[in-house]
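Working notes for the structure below.
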Amino acid sequence: MTMDNGSRSVVTTAPAPADRSLLNRCPVVPVVVLDHPDQAVPLGEALLAGGIDVIEVTLRTDAGLEAIRRLSALPDLHVGAGSVLVPDQADQVVDAGARFVVSPGLSVDVVRRCLALDVPALPGVATASELMTATALGLDEVKFFPAGLLGGPAAIRALAAPFTRMTFMPSGGVNAANMADYLAVPAVPAVSGSWMVDPTLLRAGDWAEVTARSADAVARAVAATSG
Ligand code: 3PG
């Protein structure tokens, strides 16, 4: 809507309806394994500089929980937790500031705890049976893991056919070279992976390279979805 206040035109927009979709937020979700929580904030700033405003911090190292806490202080970053295996970890990461919860597989107990905590759950699926369980839990977004070994984009196309409302975030073997093939699948709004946050870059403090890889990934995603 455009209004004229006398001296200049002012464009106002009606508030957008709340979009609880995680996968529509950013087409690239970096999966991070941190050695030390001190890596967290410089990493978050490097991702933001490259145009990525979402991060999945895994609990695979002891640094994960504290890293989630520190990254959650960055107002522009949407911080989630990954490798959440049991319900108590969902409580811990939400307490630390996580705004979504990713698991490598589908645990009904973890998903139910996330629903109770009112935080989006993104469980990993690899089979149609797990998709049926995810559907029964009311989910419409899942992680597809490990995507490369499960058959890549062709496997997602086949699995998505009967689950017409489900969207998928492939992870595991996704990289700059193949991400466009995944994003070409209509049921794939976002991909995830570690290539732009390789642990060797984090250990070296090579934040410029993290930013460069992030910007490259975003550019590839835009190119893949805009034509
Ligand atoms: C994940 O947890 O999603 C994967 O470990 C990321 O896989 P990648 O390292 O092959 O990107």
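Going through the structure tokens in order, the chains are called A, B, and so on, while each chain numbers its residues from 1 and the ligands are numbered from 1 in the order shown.
Taking only C-alpha atoms and all ligand atoms into account, ligand 1 has within 8 Å the residues A:Val31, A:Thr58, A:Gly82, A:Ser83, A:Pro104, A:Phe145, A:Pro146, A:Pro170, A:Ser171, A:Gly172, A:Gly173, A:Val174, A:Asn175, A:Ser192, A:Gly193, A:Ser194, A:Trp195.
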Any chance you could export the current selection's C-alpha atoms as a PDB file, in the first residue's frame?
```pdb
ATOM      1  CA  VAL A  31      25.641 -27.672   9.864  1.00  0.00           C
ATOM      2  CA  THR A  58      25.357 -29.731  16.511  1.00  0.00           C
ATOM      3  CA  GLY A  82      21.482 -30.361  15.568  1.00  0.00           C
ATOM      4  CA  SER A  83      22.242 -33.964  16.510  1.00  0.00           C
ATOM      5  CA  PRO A 104      19.569 -37.330  12.397  1.00  0.00           C
ATOM      6  CA  PHE A 145      19.678 -37.808   5.820  1.00  0.00           C
ATOM      7  CA  PRO A 146      22.185 -38.976   4.657  1.00  0.00           C
ATOM      8  CA  PRO A 170      18.581 -32.886   2.314  1.00  0.00           C
ATOM      9  CA  SER A 171      21.800 -33.174   4.294  1.00  0.00           C
ATOM     10  CA  GLY A 172      24.806 -35.437   4.116  1.00  0.00           C
ATOM     11  CA  GLY A 173      26.838 -35.280   0.929  1.00  0.00           C
ATOM     12  CA  VAL A 174      25.293 -32.009  -0.246  1.00  0.00           C
ATOM     13  CA  ASN A 175      27.847 -29.482  -1.516  1.00  0.00           C
ATOM     14  CA  SER A 192      21.959 -28.298   4.460  1.00  0.00           C
ATOM     15  CA  GLY A 193      25.581 -29.214   4.881  1.00  0.00           C
ATOM     16  CA  SER A 194      28.972 -28.468   6.301  1.00  0.00           C
ATOM     17  CA  TRP A 195      30.972 -27.442   3.255  1.00  0.00           C
TER      18      TRP A 195
END
```
Determine, counting only C-alpha atoms, which protein, DNA and RNA residues have an atom within 10 Å of an atom of Asp216 of chain A; residues of the same chain fewer than 5 positions away are not included. Present the result as a short mmCIF file (atom, residue, chain, number, x, y, z; two decimals) with N, CA and C atoms, in the first residue's frame.
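Saved file selection-v4.cif follows:
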```cif
data_model
loop_
_atom_site.label_atom_id
_atom_site.label_comp_id
_atom_site.auth_asym_id
_atom_site.auth_seq_id
_atom_site.Cartn_x
_atom_site.Cartn_y
_atom_site.Cartn_z
N GLY A 50 27.96 -13.37 4.69
CA GLY A 50 27.79 -14.08 3.43
C GLY A 50 26.34 -14.25 3.02
N GLY A 51 25.41 -13.73 3.83
CA GLY A 51 24.00 -13.78 3.46
C GLY A 51 23.23 -14.95 4.03
N ALA A 176 28.54 -27.56 -2.81
CA ALA A 176 28.32 -26.47 -3.78
C ALA A 176 28.03 -27.02 -5.17
N MET A 196 30.46 -25.12 3.83
CA MET A 196 30.86 -23.71 4.01
C MET A 196 31.39 -23.44 5.43
N VAL A 210 34.79 -18.62 5.12
CA VAL A 210 33.41 -19.00 5.50
C VAL A 210 32.43 -18.04 4.82
N THR A 211 32.74 -16.76 4.87
CA THR A 211 31.86 -15.77 4.22
C THR A 211 31.80 -16.00 2.71
N ALA A 221 21.98 -20.90 -4.76
CA ALA A 221 20.58 -21.18 -4.42
C ALA A 221 19.64 -20.24 -5.16
N VAL A 222 20.01 -18.97 -5.21
CA VAL A 222 19.18 -18.00 -5.93
C VAL A 222 19.09 -18.38 -7.40
#
```
Counting only C-alpha atoms, what is within 8 Å of Met169 of chain A, bar same-chain residues fewer than 6 positions away, as an MDAnalysis selection string?
chainID A and resid 23 141:144 188:192
Just N, CA and C atoms for this one: save the residues we selected as a tab-separated table (two decimals), in the first residue's frame.
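Here's the written file result-v4.tsv:
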```tsv
chain	number	residue	atom	x	y	z
A	23	LEU	N	12.16	-23.99	6.58
A	23	LEU	CA	12.86	-24.22	5.33
A	23	LEU	C	12.64	-23.11	4.31
A	141	GLU	N	7.76	-30.67	7.56
A	141	GLU	CA	9.14	-30.41	7.17
A	141	GLU	C	10.03	-31.47	7.83
A	142	VAL	N	10.91	-32.06	7.04
A	142	VAL	CA	11.83	-33.05	7.59
A	142	VAL	C	13.21	-32.87	6.97
A	143	LYS	N	14.18	-33.45	7.67
A	143	LYS	CA	15.53	-33.55	7.11
A	143	LYS	C	15.62	-34.89	6.37
A	144	PHE	N	16.32	-34.93	5.26
A	144	PHE	CA	16.52	-36.18	4.53
A	144	PHE	C	18.00	-36.51	4.65
A	188	VAL	N	11.93	-29.52	-2.20
A	188	VAL	CA	13.16	-29.15	-1.47
A	188	VAL	C	13.33	-27.63	-1.48
A	189	PRO	N	12.89	-26.94	-0.41
A	189	PRO	CA	13.08	-25.48	-0.35
A	189	PRO	C	14.47	-25.10	0.14
A	190	ALA	N	15.17	-26.04	0.81
A	190	ALA	CA	16.46	-25.71	1.41
A	190	ALA	C	17.34	-26.95	1.47
A	191	VAL	N	18.63	-26.70	1.41
A	191	VAL	CA	19.60	-27.79	1.59
A	191	VAL	C	20.46	-27.47	2.80
A	192	SER	N	21.14	-28.50	3.28
A	192	SER	CA	21.96	-28.30	4.46
A	192	SER	C	23.27	-29.05	4.31
```
Give the alpha helix (DSSP H) residues of chain A, as DSSP finds them on the backbone, and put them as a PyMOL selection string.
chain A and resi 40-49+63-71+87-96+108-117+128-136+152-160+179-183+199-204+207-225
Just the number, please: distance in Å from atom CA of Leu77 of chain A to atom CA of Ala134 of chain A, one decimal.
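About the pair atom CA of Leu77 of chain A and atom CA of Ala134 of chain A: they are 27.0 Å apart.
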Pick out the residues sitting within 6 Å of Ala63 of chain A, and hand them over as a list in words; count only C-alpha atoms, and ignore anything fewer than 2 positions along from it in its own chain.
His36, Pro37, Thr61, Leu65, Glu66 and Ala67 of chain A
Can I get the selection written as a PDB file, in the first residue's frame, with C-alpha atoms?
```
ATOM      1  CA  HIS A  36      35.360 -24.398  21.130  1.00  0.00           C
ATOM      2  CA  PRO A  37      32.567 -21.952  21.958  1.00  0.00           C
ATOM      3  CA  THR A  61      31.002 -31.673  20.704  1.00  0.00           C
ATOM      4  CA  LEU A  65      25.424 -26.009  23.896  1.00  0.00           C
ATOM      5  CA  GLU A  66      27.482 -22.979  24.910  1.00  0.00           C
ATOM      6  CA  ALA A  67      27.897 -22.054  21.236  1.00  0.00           C
TER       7      ALA A  67
END
```
For Arg157 of chain A, find every residue with an atom within 8 Å (counting only C-alpha atoms), except residues of its own chain fewer than 4 positions away, and show them as a PDB file with N, CA and C atoms, in the first residue's frame.
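Final output, result.pdb:
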```pdb
ATOM      1  N   PRO A 153      18.816 -36.515  -5.158  1.00  0.00           N
ATOM      2  CA  PRO A 153      17.556 -35.880  -5.576  1.00  0.00           C
ATOM      3  C   PRO A 153      16.517 -36.875  -6.093  1.00  0.00           C
ATOM      4  N   ALA A 161       6.532 -38.117  -3.678  1.00  0.00           N
ATOM      5  CA  ALA A 161       5.315 -38.266  -4.500  1.00  0.00           C
ATOM      6  C   ALA A 161       4.063 -38.562  -3.675  1.00  0.00           C
ATOM      7  N   VAL A 185      14.340 -30.010  -7.032  1.00  0.00           N
ATOM      8  CA  VAL A 185      13.205 -30.851  -6.627  1.00  0.00           C
ATOM      9  C   VAL A 185      12.165 -29.941  -5.970  1.00  0.00           C
ATOM     10  N   ALA A 187       9.926 -30.289  -3.848  1.00  0.00           N
ATOM     11  CA  ALA A 187       9.709 -30.495  -2.412  1.00  0.00           C
ATOM     12  C   ALA A 187      10.932 -30.115  -1.572  1.00  0.00           C
TER      13      ALA A 187
END
```
Given the choices A:Ala121, A:Val28, A:Arg60, A:Cys114, which gets closest to Ala219 of chain A if the distance is worked out from only C-alpha atoms?
A:Val28
If you count only C-alpha atoms, which residues fall within 9 Å of Val86 of chain A, apart from same-chain ones fewer than 2 positions away, as a PyMOL selection string?
chain A and resi 84+88-90+107+109-110
Selection from above, N, CA and C atoms, as a compact mmCIF listing (two decimals), in the first residue's frame, can you write it?
```
# COMPACT_ATOMS: atom_id res chain seq x y z
N VAL A 84 20.30 -33.67 17.94
CA VAL A 84 19.51 -33.83 19.17
C VAL A 84 18.93 -35.24 19.15
N ASP A 88 15.55 -34.83 26.57
CA ASP A 88 16.16 -33.88 27.50
C ASP A 88 17.06 -32.88 26.78
N GLN A 89 17.69 -33.33 25.70
CA GLN A 89 18.54 -32.40 24.95
C GLN A 89 17.70 -31.28 24.31
N ALA A 90 16.47 -31.61 23.95
CA ALA A 90 15.59 -30.56 23.40
C ALA A 90 15.37 -29.48 24.44
N SER A 107 12.75 -39.55 16.15
CA SER A 107 12.36 -40.04 17.48
C SER A 107 11.03 -39.40 17.82
N ASP A 109 9.60 -39.40 20.62
CA ASP A 109 9.73 -38.72 21.91
C ASP A 109 10.36 -37.33 21.75
N VAL A 110 11.38 -37.23 20.91
CA VAL A 110 12.01 -35.92 20.70
C VAL A 110 11.02 -34.97 20.03
```
Just want the 9 Å neighbourhood of Arg70 of chain A, counted on only C-alpha atoms, with same-chain residues fewer than 5 positions away dropped. Output as an mmCIF file with N, CA and C atoms, in the first residue's frame.
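Here's the written file out.cif:
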```
data_model
loop_
_atom_site.group_PDB
_atom_site.id
_atom_site.type_symbol
_atom_site.label_atom_id
_atom_site.label_comp_id
_atom_site.auth_asym_id
_atom_site.auth_seq_id
_atom_site.Cartn_x
_atom_site.Cartn_y
_atom_site.Cartn_z
ATOM 1 N N PRO A 37 33.611 -22.977 22.069
ATOM 2 C CA PRO A 37 32.567 -21.952 21.958
ATOM 3 C C PRO A 37 33.083 -20.587 21.513
ATOM 4 N N ASP A 38 34.390 -20.337 21.677
ATOM 5 C CA ASP A 38 34.926 -19.046 21.214
ATOM 6 C C ASP A 38 34.835 -18.896 19.693
ATOM 7 N N ALA A 40 32.193 -19.458 18.077
ATOM 8 C CA ALA A 40 30.784 -19.304 17.711
ATOM 9 C C ALA A 40 30.452 -17.931 17.124
ATOM 10 N N VAL A 41 30.752 -16.878 17.855
ATOM 11 C CA VAL A 41 30.312 -15.541 17.407
ATOM 12 C C VAL A 41 31.011 -15.112 16.124
ATOM 13 N N LEU A 65 26.463 -26.686 23.110
ATOM 14 C CA LEU A 65 25.424 -26.009 23.896
ATOM 15 C C LEU A 65 25.803 -24.556 24.196
ATOM 16 N N ALA A 96 18.997 -22.878 26.015
ATOM 17 C CA ALA A 96 20.186 -22.135 25.566
ATOM 18 C C ALA A 96 19.847 -21.123 24.469
ATOM 19 N N GLY A 97 18.640 -21.204 23.932
ATOM 20 C CA GLY A 97 18.242 -20.219 22.925
ATOM 21 C C GLY A 97 17.914 -20.788 21.558
#
```
As an NGL selection string, please: all residues of segment 5-159 of chain A that backbone DSSP puts in strand (DSSP E).
:A and (9-11 or 28-32 or 54-58 or 78-82 or 101-102 or 121-122 or 124-125 or 141-144)
Can you work out which one of A:Ala158, A:Met166, A:Leu183, A:Leu202 has the shortest atom-to-atom distance to Ala46 of chain A, counting only C-alpha atoms?
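With only C-alpha atoms as the atom set, the closest residue is A:Leu202.
Using only C-alpha atoms, the nearest neighbour of Val101 of chain A within the list A:Ala126, A:Val57, A:Ala147, A:Leu159 is A:Val57.
The space between atom CA of Glu209 of chain A and atom CA of Phe168 of chain A spans 27.7 Å.
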